[in-house]
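Content type JSON, C-alpha atoms, from the file query.json:
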[["chain", "number", "residue", "atom", "x", "y", "z"],
["A", 179, "MET", "CA", 184.43, -28.91, 44.94],
["A", 180, "ALA", "CA", 182.11, -27.47, 42.30],
["A", 181, "ASP", "CA", 181.10, -23.88, 43.00],
["A", 182, "SER", "CA", 177.56, -24.38, 41.69],
["A", 183, "GLY", "CA", 177.08, -27.21, 44.16],
["A", 184, "GLU", "CA", 177.97, -24.85, 47.03],
["A", 185, "GLU", "CA", 175.53, -22.19, 45.79],
["A", 186, "SER", "CA", 172.53, -24.53, 45.92],
["A", 187, "SER", "CA", 171.33, -26.46, 48.93],
["A", 188, "MET", "CA", 170.90, -30.20, 48.53],
["A", 189, "ARG", "CA", 167.15, -29.75, 48.93],
["A", 190, "ASP", "CA", 167.16, -27.36, 45.97],
["A", 191, "LEU", "CA", 169.24, -29.76, 43.88],
["A", 192, "ILE", "CA", 166.82, -32.59, 44.61],
["A", 193, "ALA", "CA", 163.92, -30.36, 43.55],
["A", 194, "GLN", "CA", 165.72, -29.58, 40.27],
["A", 195, "PHE", "CA", 166.36, -33.27, 39.68],
["A", 196, "LEU", "CA", 162.75, -34.26, 40.38],
["A", 197, "ALA", "CA", 161.52, -31.54, 38.02],
["A", 198, "TRP", "CA", 163.81, -32.96, 35.34],
["A", 199, "LEU", "CA", 162.47, -36.47, 35.94],
["A", 200, "ARG", "CA", 158.89, -35.26, 35.65],
["A", 201, "VAL", "CA", 159.30, -33.01, 32.60],
["A", 202, "GLU", "CA", 162.16, -34.53, 30.62],
["A", 203, "LYS", "CA", 161.89, -38.23, 31.49],
["A", 204, "GLY", "CA", 158.12, -38.37, 31.89],
["A", 205, "LEU", "CA", 158.26, -40.81, 34.80],
["A", 206, "SER", "CA", 155.01, -41.97, 36.36],
["A", 207, "LYS", "CA", 153.75, -40.22, 39.48],
["A", 208, "ASN", "CA", 154.49, -43.24, 41.68],
["A", 209, "THR", "CA", 158.09, -43.50, 40.45],
["A", 210, "TYR", "CA", 158.60, -39.76, 40.79],
["A", 211, "LEU", "CA", 157.28, -39.77, 44.38],
["A", 212, "SER", "CA", 159.40, -42.81, 45.27],
["A", 213, "TYR", "CA", 162.56, -41.09, 44.04],
["A", 214, "GLY", "CA", 161.66, -37.99, 46.04],
["A", 215, "TYR", "CA", 161.14, -40.04, 49.21],
["A", 216, "ASP", "CA", 164.41, -41.96, 48.76],
["A", 217, "LEU", "CA", 166.44, -38.84, 48.05],
["A", 218, "GLU", "CA", 165.00, -37.04, 51.08],
["A", 219, "ARG", "CA", 166.32, -39.90, 53.25],
["A", 220, "TYR", "CA", 169.64, -39.62, 51.44],
["A", 221, "ARG", "CA", 169.73, -35.85, 52.09],
["A", 222, "GLU", "CA", 169.18, -36.45, 55.80],
["A", 223, "PHE", "CA", 172.15, -38.83, 55.79],
["A", 224, "VAL", "CA", 174.44, -36.40, 53.91],
["A", 225, "GLU", "CA", 173.50, -33.23, 55.77],
["A", 226, "GLY", "CA", 172.51, -34.64, 59.14],
["A", 227, "TYR", "CA", 174.89, -37.59, 59.60],
["A", 228, "LEU", "CA", 177.92, -36.81, 57.42],
["A", 229, "ARG", "CA", 177.46, -33.03, 57.74],
["A", 230, "VAL", "CA", 179.11, -32.39, 54.38],
["A", 231, "ASN", "CA", 178.22, -30.78, 51.06],
["A", 232, "ILE", "CA", 176.98, -33.15, 48.35],
["A", 233, "ALA", "CA", 180.20, -32.45, 46.39],
["A", 234, "ASP", "CA", 182.22, -34.00, 49.25],
["A", 235, "VAL", "CA", 180.32, -37.31, 49.33],
["A", 236, "THR", "CA", 182.47, -40.32, 48.41],
["A", 237, "ARG", "CA", 181.62, -43.79, 47.16],
["A", 238, "ARG", "CA", 182.57, -45.15, 50.59],
["A", 239, "ASP", "CA", 179.99, -42.82, 52.19],
["A", 240, "ILE", "CA", 177.27, -44.16, 49.91],
["A", 241, "VAL", "CA", 178.25, -47.77, 50.63],
["A", 242, "ASP", "CA", 178.02, -46.99, 54.36],
["A", 243, "TYR", "CA", 174.57, -45.53, 53.75],
["A", 244, "LEU", "CA", 173.43, -48.69, 51.97],
["A", 245, "PHE", "CA", 174.64, -50.79, 54.89],
["A", 246, "ILE", "CA", 172.56, -48.58, 57.19],
["A", 247, "LEU", "CA", 169.51, -49.23, 55.03],
["A", 248, "ARG", "CA", 170.14, -52.96, 55.21],
["A", 249, "GLU", "CA", 170.48, -52.79, 58.99],
["A", 250, "ARG", "CA", 167.09, -51.07, 59.06],
["A", 251, "LYS", "CA", 165.69, -54.27, 57.46],
["A", 252, "LEU", "CA", 164.76, -52.65, 54.15],
["A", 253, "SER", "CA", 163.98, -55.19, 51.46],
["A", 254, "SER", "CA", 166.46, -55.89, 48.68],
["A", 255, "ARG", "CA", 164.07, -54.26, 46.21],
["A", 256, "SER", "CA", 163.84, -51.10, 48.33],
["A", 257, "ILE", "CA", 167.63, -50.86, 48.59],
["A", 258, "ALA", "CA", 167.97, -51.38, 44.84],
["A", 259, "ARG", "CA", 165.49, -48.53, 44.32],
["A", 260, "HIS", "CA", 167.59, -46.28, 46.60],
["A", 261, "VAL", "CA", 170.69, -47.15, 44.56],
["A", 262, "ALA", "CA", 168.90, -46.27, 41.31],
["A", 263, "ALA", "CA", 167.72, -42.93, 42.71],
["A", 264, "ILE", "CA", 171.14, -41.98, 44.11],
["A", 265, "LYS", "CA", 172.96, -42.96, 40.91],
["A", 266, "GLN", "CA", 170.60, -40.97, 38.70],
["A", 267, "PHE", "CA", 170.78, -37.99, 41.06],
["A", 268, "HIS", "CA", 174.60, -37.89, 41.05],
["A", 269, "ARG", "CA", 174.68, -38.41, 37.27],
["A", 270, "PHE", "CA", 172.29, -35.48, 36.87],
["A", 271, "LEU", "CA", 174.40, -33.24, 39.13],
["A", 272, "ARG", "CA", 177.55, -34.13, 37.19],
["A", 273, "ARG", "CA", 175.88, -33.40, 33.86],
["A", 274, "GLU", "CA", 174.49, -30.07, 35.08],
["A", 275, "GLY", "CA", 177.87, -28.95, 36.39],
["A", 276, "HIS", "CA", 177.09, -29.16, 40.11],
["A", 277, "LEU", "CA", 179.71, -31.89, 40.61],
["A", 278, "LYS", "CA", 183.14, -32.37, 39.07],
["A", 279, "SER", "CA", 182.91, -36.17, 39.18],
["A", 280, "ASP", "CA", 180.37, -38.95, 39.77],
["A", 281, "CYS", "CA", 181.30, -41.08, 42.77],
["A", 282, "THR", "CA", 178.51, -43.57, 41.96],
["A", 283, "ALA", "CA", 179.99, -44.64, 38.60],
["A", 284, "ASN", "CA", 181.15, -48.05, 39.92],
["A", 285, "LEU", "CA", 178.51, -48.50, 42.57],
["A", 286, "ASP", "CA", 177.06, -51.55, 40.80],
["A", 287, "LYS", "CA", 180.11, -53.53, 41.91],
["A", 288, "PHE", "CA", 178.79, -53.35, 45.48],
["A", 289, "ASN", "CA", 176.59, -56.40, 45.93],
["A", 290, "ILE", "CA", 173.69, -55.19, 48.07],
["A", 291, "TRP", "CA", 171.19, -57.74, 46.85],
["A", 292, "LYS", "CA", 171.44, -60.16, 49.71],
["A", 293, "ASN", "CA", 167.94, -61.54, 49.17],
["A", 294, "LEU", "CA", 167.68, -62.23, 45.46],
["A", 295, "PRO", "CA", 164.28, -62.67, 43.81],
["A", 296, "GLU", "CA", 163.04, -66.24, 43.83],
["A", 297, "THR", "CA", 162.80, -67.83, 40.40],
["A", 298, "LEU", "CA", 161.56, -71.11, 39.02],
["A", 299, "SER", "CA", 163.93, -73.48, 37.25],
["A", 300, "ARG", "CA", 163.25, -74.30, 33.63],
["A", 301, "SER", "CA", 161.86, -77.70, 34.59],
["A", 302, "GLU", "CA", 159.56, -76.11, 37.19],
["A", 303, "VAL", "CA", 158.30, -73.65, 34.56],
["A", 304, "GLU", "CA", 157.66, -76.53, 32.15],
["A", 305, "SER", "CA", 155.69, -78.34, 34.85],
["A", 306, "LEU", "CA", 153.69, -75.21, 35.64],
["A", 307, "LEU", "CA", 152.82, -74.55, 32.00],
["A", 308, "ALA", "CA", 151.62, -78.13, 31.68],
["A", 309, "GLN", "CA", 149.67, -77.95, 34.96],
["A", 310, "PRO", "CA", 146.15, -76.83, 33.92],
["A", 311, "ASN", "CA", 144.19, -80.08, 33.92],
["A", 312, "LEU", "CA", 142.58, -81.21, 30.68],
["A", 313, "ALA", "CA", 139.26, -81.61, 32.47],
["A", 314, "GLU", "CA", 139.17, -78.05, 33.73],
["A", 315, "GLU", "CA", 136.59, -75.74, 32.22],
["A", 316, "ASN", "CA", 139.05, -72.85, 31.83],
["A", 317, "ARG", "CA", 142.10, -74.92, 30.84],
["A", 318, "ILE", "CA", 142.61, -73.22, 27.45],
["A", 319, "ARG", "CA", 142.38, -69.74, 28.97],
["A", 320, "ASP", "CA", 144.62, -70.51, 31.96],
["A", 321, "THR", "CA", 147.25, -72.15, 29.77],
["A", 322, "ALA", "CA", 147.30, -69.13, 27.46],
["A", 323, "MET", "CA", 147.66, -66.72, 30.38],
["A", 324, "LEU", "CA", 150.51, -68.66, 31.97],
["A", 325, "GLU", "CA", 152.33, -69.06, 28.65],
["A", 326, "LEU", "CA", 152.01, -65.35, 27.94],
["A", 327, "MET", "CA", 153.23, -64.27, 31.39],
["A", 328, "TYR", "CA", 156.36, -66.36, 31.01],
["A", 329, "SER", "CA", 156.92, -65.73, 27.31],
["A", 330, "ALA", "CA", 156.68, -61.91, 27.65],
["A", 331, "GLY", "CA", 157.71, -61.36, 31.30],
["A", 332, "LEU", "CA", 154.48, -59.49, 32.04],
["A", 333, "ARG", "CA", 153.39, -58.06, 35.36],
["A", 334, "ILE", "CA", 149.97, -59.31, 36.43],
["A", 335, "SER", "CA", 148.59, -55.77, 36.08],
["A", 336, "GLU", "CA", 149.83, -55.74, 32.47],
["A", 337, "LEU", "CA", 148.37, -59.17, 31.74],
["A", 338, "VAL", "CA", 144.86, -58.31, 32.92],
["A", 339, "SER", "CA", 144.89, -54.96, 31.08],
["A", 340, "LEU", "CA", 145.61, -56.53, 27.68],
["A", 341, "ARG", "CA", 142.99, -55.99, 24.98],
["A", 342, "ARG", "CA", 142.23, -58.30, 22.08],
["A", 343, "GLU", "CA", 143.83, -55.82, 19.70],
["A", 344, "ASP", "CA", 147.07, -56.02, 21.66],
["A", 345, "ALA", "CA", 147.64, -59.62, 20.57],
["A", 346, "LEU", "CA", 149.63, -59.00, 17.37],
["A", 347, "LEU", "CA", 149.90, -62.67, 16.59],
["A", 348, "ASP", "CA", 150.70, -62.29, 12.88],
["A", 349, "ILE", "CA", 153.98, -60.57, 13.77],
["A", 350, "VAL", "CA", 154.46, -62.60, 16.98],
["A", 351, "PHE", "CA", 154.35, -59.61, 19.37],
["A", 352, "ILE", "CA", 152.26, -58.38, 22.28],
["A", 353, "LYS", "CA", 151.56, -54.68, 22.79],
["A", 354, "CYS", "CA", 151.68, -53.92, 26.50],
["A", 355, "ARG", "CA", 150.95, -50.88, 28.66],
["A", 356, "GLY", "CA", 153.29, -50.75, 31.64],
["A", 357, "LYS", "CA", 153.94, -48.34, 34.49],
["A", 358, "GLY", "CA", 153.06, -44.76, 33.69],
["A", 359, "GLY", "CA", 150.92, -45.90, 30.76],
["A", 360, "LYS", "CA", 154.01, -46.41, 28.58],
["A", 361, "GLU", "CA", 153.48, -48.81, 25.71],
["A", 362, "ARG", "CA", 156.04, -51.37, 24.59],
["A", 363, "LEU", "CA", 156.13, -54.21, 22.07],
["A", 364, "ILE", "CA", 157.34, -57.56, 23.36],
["A", 365, "PRO", "CA", 158.18, -60.57, 21.18],
["A", 366, "ILE", "CA", 156.54, -63.81, 22.26],
["A", 367, "GLY", "CA", 157.25, -67.46, 21.48],
["A", 368, "GLU", "CA", 155.44, -69.65, 18.99],
["A", 369, "VAL", "CA", 154.03, -71.78, 21.80],
["A", 370, "ALA", "CA", 152.42, -68.70, 23.39],
["A", 371, "VAL", "CA", 151.04, -67.70, 19.97],
["A", 372, "ASP", "CA", 149.49, -71.14, 19.51],
["A", 373, "LYS", "CA", 147.95, -71.09, 22.99],
["A", 374, "LEU", "CA", 146.52, -67.61, 22.40],
["A", 375, "ARG", "CA", 145.05, -68.64, 19.04],
["A", 376, "SER", "CA", 143.41, -71.64, 20.69],
["A", 377, "TYR", "CA", 141.97, -69.42, 23.42],
["A", 378, "LEU", "CA", 140.66, -66.81, 20.97],
["A", 379, "ASP", "CA", 139.12, -69.53, 18.81],
["A", 380, "SER", "CA", 137.37, -70.95, 21.87],
["A", 381, "LYS", "CA", 135.80, -67.56, 22.70],
["A", 382, "PRO", "CA", 134.80, -66.19, 19.29],
["A", 383, "ASP", "CA", 131.67, -64.31, 20.32],
["A", 384, "HIS", "CA", 132.54, -62.38, 23.46],
["A", 385, "ASN", "CA", 131.95, -58.62, 23.17],
["A", 386, "SER", "CA", 134.48, -57.34, 25.71],
["A", 387, "ASP", "CA", 137.65, -55.56, 24.55],
["A", 388, "ALA", "CA", 139.59, -57.34, 27.32],
["A", 389, "LEU", "CA", 141.75, -60.21, 26.08],
["A", 390, "PHE", "CA", 141.22, -62.49, 29.08],
["A", 391, "LEU", "CA", 137.85, -62.92, 30.75],
["A", 392, "THR", "CA", 136.58, -64.73, 33.82],
["A", 393, "ARG", "CA", 134.02, -67.52, 33.55],
["A", 394, "LEU", "CA", 131.37, -64.83, 34.04],
["A", 395, "GLY", "CA", 132.61, -62.96, 30.98],
["A", 396, "LYS", "CA", 134.14, -60.10, 32.96],
["A", 397, "PRO", "CA", 137.70, -58.73, 32.76],
["A", 398, "PHE", "CA", 140.08, -60.11, 35.39],
["A", 399, "CYS", "CA", 141.21, -58.07, 38.37],
["A", 400, "ARG", "CA", 144.79, -58.52, 39.57],
["A", 401, "GLN", "CA", 143.73, -60.43, 42.69],
["A", 402, "GLY", "CA", 141.54, -62.84, 40.70],
["A", 403, "CYS", "CA", 144.31, -63.47, 38.20],
["A", 404, "TRP", "CA", 146.87, -64.15, 40.93],
["A", 405, "LYS", "CA", 144.44, -66.50, 42.70],
["A", 406, "MET", "CA", 144.14, -68.54, 39.50],
["A", 407, "ILE", "CA", 147.90, -68.67, 38.90],
["A", 408, "HIS", "CA", 148.70, -69.44, 42.55],
["A", 409, "GLY", "CA", 146.20, -72.30, 42.49],
["A", 410, "HIS", "CA", 148.12, -74.00, 39.67],
["A", 411, "ILE", "CA", 151.46, -73.38, 41.43],
["A", 412, "LYS", "CA", 150.19, -74.88, 44.70],
["A", 413, "ARG", "CA", 149.13, -78.08, 42.94],
["A", 414, "LEU", "CA", 152.75, -78.57, 41.82],
["A", 415, "GLY", "CA", 153.91, -78.74, 45.43],
["A", 416, "ILE", "CA", 156.68, -76.16, 44.91],
["A", 417, "THR", "CA", 157.97, -75.01, 48.31],
["A", 418, "LYS", "CA", 159.69, -71.82, 47.09],
["A", 419, "LYS", "CA", 158.26, -68.46, 48.08],
["A", 420, "ILE", "CA", 156.15, -67.64, 45.03],
["A", 421, "THR", "CA", 154.94, -64.11, 44.32],
["A", 422, "PRO", "CA", 152.99, -62.54, 41.43],
["A", 423, "HIS", "CA", 156.40, -61.54, 39.98],
["A", 424, "THR", "CA", 157.95, -65.02, 40.06],
["A", 425, "LEU", "CA", 157.27, -65.84, 36.40],
["A", 426, "ARG", "CA", 158.54, -62.38, 35.43],
["A", 427, "HIS", "CA", 161.76, -62.94, 37.41],
["A", 428, "SER", "CA", 162.12, -66.37, 35.82],
["A", 429, "PHE", "CA", 161.62, -64.88, 32.34],
["A", 430, "ALA", "CA", 164.46, -62.37, 32.87],
["A", 431, "THR", "CA", 166.82, -64.82, 34.57],
["A", 432, "HIS", "CA", 166.39, -67.50, 31.89],
["A", 433, "LEU", "CA", 166.92, -64.93, 29.11],
["A", 434, "LEU", "CA", 170.12, -63.68, 30.71],
["A", 435, "ALA", "CA", 171.40, -67.22, 31.28],
["A", 436, "GLY", "CA", 170.66, -67.95, 27.62],
["A", 437, "GLY", "CA", 172.88, -65.10, 26.45],
["A", 438, "ALA", "CA", 170.46, -62.16, 26.09],
["A", 439, "ASN", "CA", 172.02, -58.74, 26.68],
["A", 440, "LEU", "CA", 170.85, -56.62, 29.59],
["A", 441, "ARG", "CA", 169.56, -53.75, 27.43],
["A", 442, "SER", "CA", 167.22, -56.08, 25.52],
["A", 443, "ILE", "CA", 165.89, -57.52, 28.78],
["A", 444, "GLN", "CA", 165.41, -53.98, 30.14],
["A", 445, "GLU", "CA", 163.37, -53.09, 27.05],
["A", 446, "MET", "CA", 161.19, -56.19, 27.31],
["A", 447, "LEU", "CA", 160.59, -55.75, 31.05],
["A", 448, "GLY", "CA", 159.79, -52.06, 30.62],
["A", 449, "HIS", "CA", 162.29, -50.87, 33.24],
["A", 450, "ALA", "CA", 162.91, -47.12, 33.09],
["A", 451, "ASP", "CA", 166.41, -47.54, 34.53],
["A", 452, "ILE", "CA", 168.81, -50.37, 33.74],
["A", 453, "ALA", "CA", 169.86, -50.38, 37.41],
["A", 454, "THR", "CA", 166.56, -52.15, 38.12],
["A", 455, "THR", "CA", 167.34, -54.81, 35.51],
["A", 456, "GLN", "CA", 170.86, -55.34, 36.81],
["A", 457, "ILE", "CA", 169.58, -57.30, 39.80],
["A", 458, "TYR", "CA", 169.35, -60.28, 37.43],
["A", 459, "THR", "CA", 173.10, -60.20, 36.81],
["A", 460, "HIS", "CA", 173.54, -60.89, 40.52],
["A", 461, "VAL", "CA", 171.09, -63.79, 40.32],
["A", 462, "THR", "CA", 173.10, -65.33, 37.49],
["A", 463, "ALA", "CA", 176.45, -64.63, 39.16],
["A", 464, "ASP", "CA", 175.29, -66.36, 42.35],
["A", 465, "ARG", "CA", 174.23, -69.44, 40.38],
["A", 466, "LEU", "CA", 177.54, -69.52, 38.49],
["A", 467, "ARG", "CA", 179.40, -69.32, 41.80],
["A", 468, "SER", "CA", 177.27, -72.09, 43.26],
["A", 469, "THR", "CA", 177.95, -74.30, 40.24],
["A", 470, "HIS", "CA", 181.69, -73.63, 40.47],
["A", 471, "LEU", "CA", 181.78, -74.50, 44.17],
["A", 472, "ARG", "CA", 179.83, -77.70, 43.56],
["A", 473, "CYS", "CA", 181.57, -78.92, 40.42],
["A", 474, "HIS", "CA", 185.13, -77.58, 40.26],
["A", 475, "PRO", "CA", 187.83, -79.68, 41.94],
["A", 476, "ARG", "CA", 189.28, -76.56, 43.54],
["A", 477, "GLY", "CA", 185.97, -74.76, 44.09]]

What would you get if you wrote out this structure as structure tokens?
Amino acid sequence: MADSGEESSMRDLIAQFLAWLRVEKGLSKNTYLSYGYDLERYREFVEGYLRVNIADVTRRDIVDYLFILRERKLSSRSIARHVAAIKQFHRFLRREGHLKSDCTANLDKFNIWKNLPETLSRSEVESLLAQPNLAEENRIRDTAMLELMYSAGLRISELVSLRREDALLDIVFIKCRGKGGKERLIPIGEVAVDKLRSYLDSKPDHNSDALFLTRLGKPFCRQGCWKMIHGHIKRLGITKKITPHTLRHSFATHLLAGGANLRSIQEMLGHADIATTQIYTHVTADRLRSTHLRCHPRG
């Protein structure tokens, strides 16, 4: 057991960790508060249920804790967020000398993502991107927005906050502001570039800085944007549970299946921690297993 871990209460260690996140990592307020909430629940488990010092916690204890969270009907995303917080916390304590070892090092091998994010197949994405009807007044705009969401894996909030100057079409990139106001450059495909050029050429005189505008010439809100996208999805007759993140999940899953490395996908998605991105490895693994069971003679 590390002596420094005994000298500080777990509450104090969490406070030190959160201060480090805020000052050194510069995480957004929402992320910082979420980590604090998750770690307070974890502290209650360690001190109230296990009744041990943090230095005595084992990987098996943490796995038991994650099962408890699942039994409490927490969503897969919430459990994944708890895992990310616990892993970073233990890594921090090891680095600062409060722990002799990090029991969370192999925690990713524990498959907690029972409910994986729904994604669209490549053929469903192709159908969606071809969906806006030629007769529709806003066809060029809607097609550009859908292409860009899929090509860059954008959140809806990121899509509606884009400015005209963020479309760096000459170098085939989009400049995006994600969570916490952090900027990132994302490569986009030639098809998305062509659709954006067509859209910009069709609206040469508008005075707004916003890239995408409603038919009234106003910037989109998130709800209005999702209403537009969901309308096109409904017309396809897809029965999957579709959310505003579905195209983003599809973007990441298709990249990974195509051979992209996880770090590159993390960078493009704007995830602060790769643990968040790693959920897509479970999506791909499940599909590989399904294919093996269906196609292999001894599956």

Please identify all polymer residues within 12 Å of Gly204 in chain A, counting all atoms listed in the file, omitting same-chain residues fewer than 4 positions from it, and present them as a list in words.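 These residues fall inside the cut-off: Leu196, Ala197, Trp198, Leu199, Arg200, Asn208, Thr209, Tyr210, Lys357, Gly358, Gly359, Lys360 and Ala450 of chain A.
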
Would you compute the distance between CA of Arg441 in chain A and CA of Ile366 in chain A? Give it in Å to one decimal.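 Here the two named atoms are 17.2 Å from each other.
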
Identify which of the residues A:Asp280, A:Glu225, A:Glu249, A:Glu274 lies closest to Ser187 in chain A, counting only C-alpha atoms when measuring atom-to-atom distances. A:Glu225

Need to verify the contact set: Cys354 in chain A, 12 Å, only C-alpha atoms, exclusion of same-chain residues closer than 4 positions in sequence. Can you return it as a PyMOL selection string? chain A and resi 326-327+330-346+358-366+389+445-448

Measuring between all atoms listed in the file, which one of A:Leu298, A:His276, A:Asp216, A:Arg238 shows the shortest distance to Leu252 in chain A?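 Ranking A:Leu298, A:His276, A:Asp216, A:Arg238 by distance to Leu252 in chain A, first place goes to A:Asp216.
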
I'd like the box whose edges run along x, y and z of the file and which contains every listed atom of range 449-458 of chain A, padded by 4 Å per side; could you state its centre and edge lengths in Å, one decimal, as lines of an AutoDock Vina configuration file?
center_x = 166.6
center_y = -53.7
center_z = 36.4
size_x = 16.6
size_y = 21.2
size_z = 14.7

Between CA of Arg219 in chain A and CA of Phe270 in chain A, measure the distance and give it in Å to one decimal. 18.0 Å

In Å, rounded to a single decimal, give me how far CA of Thr459 in chain A is from CA of Leu440 in chain A.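 So the answer is 8.4 Å.
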
Residue nearest Ser299 in chain A - candidates A:Ile232, A:Leu205, A:Met406, A:Ala430, atoms counted: all atoms listed in the file: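 When distances to Ser299 in chain A are compared using all atoms listed in the file, the smallest one comes from A:Ala430.
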
With all atoms listed in the file as the atoms that count, which of A:Tyr328, A:Tyr220, A:Phe245, A:Tyr458 lies nearest to Leu425 in chain A? A:Tyr328

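Candidate residues A:Val261, A:Glu296, A:Gly275, A:Asp320 were compared for distance to Lys419 in chain A, and the nearest is A:Glu296, using all atoms listed in the file.
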
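Checking A:Ser376, A:Thr321, A:Asn316, A:Asn439 one by one against Arg393 in chain A, counting all atoms listed in the file, you find the shortest gap at A:Asn316.
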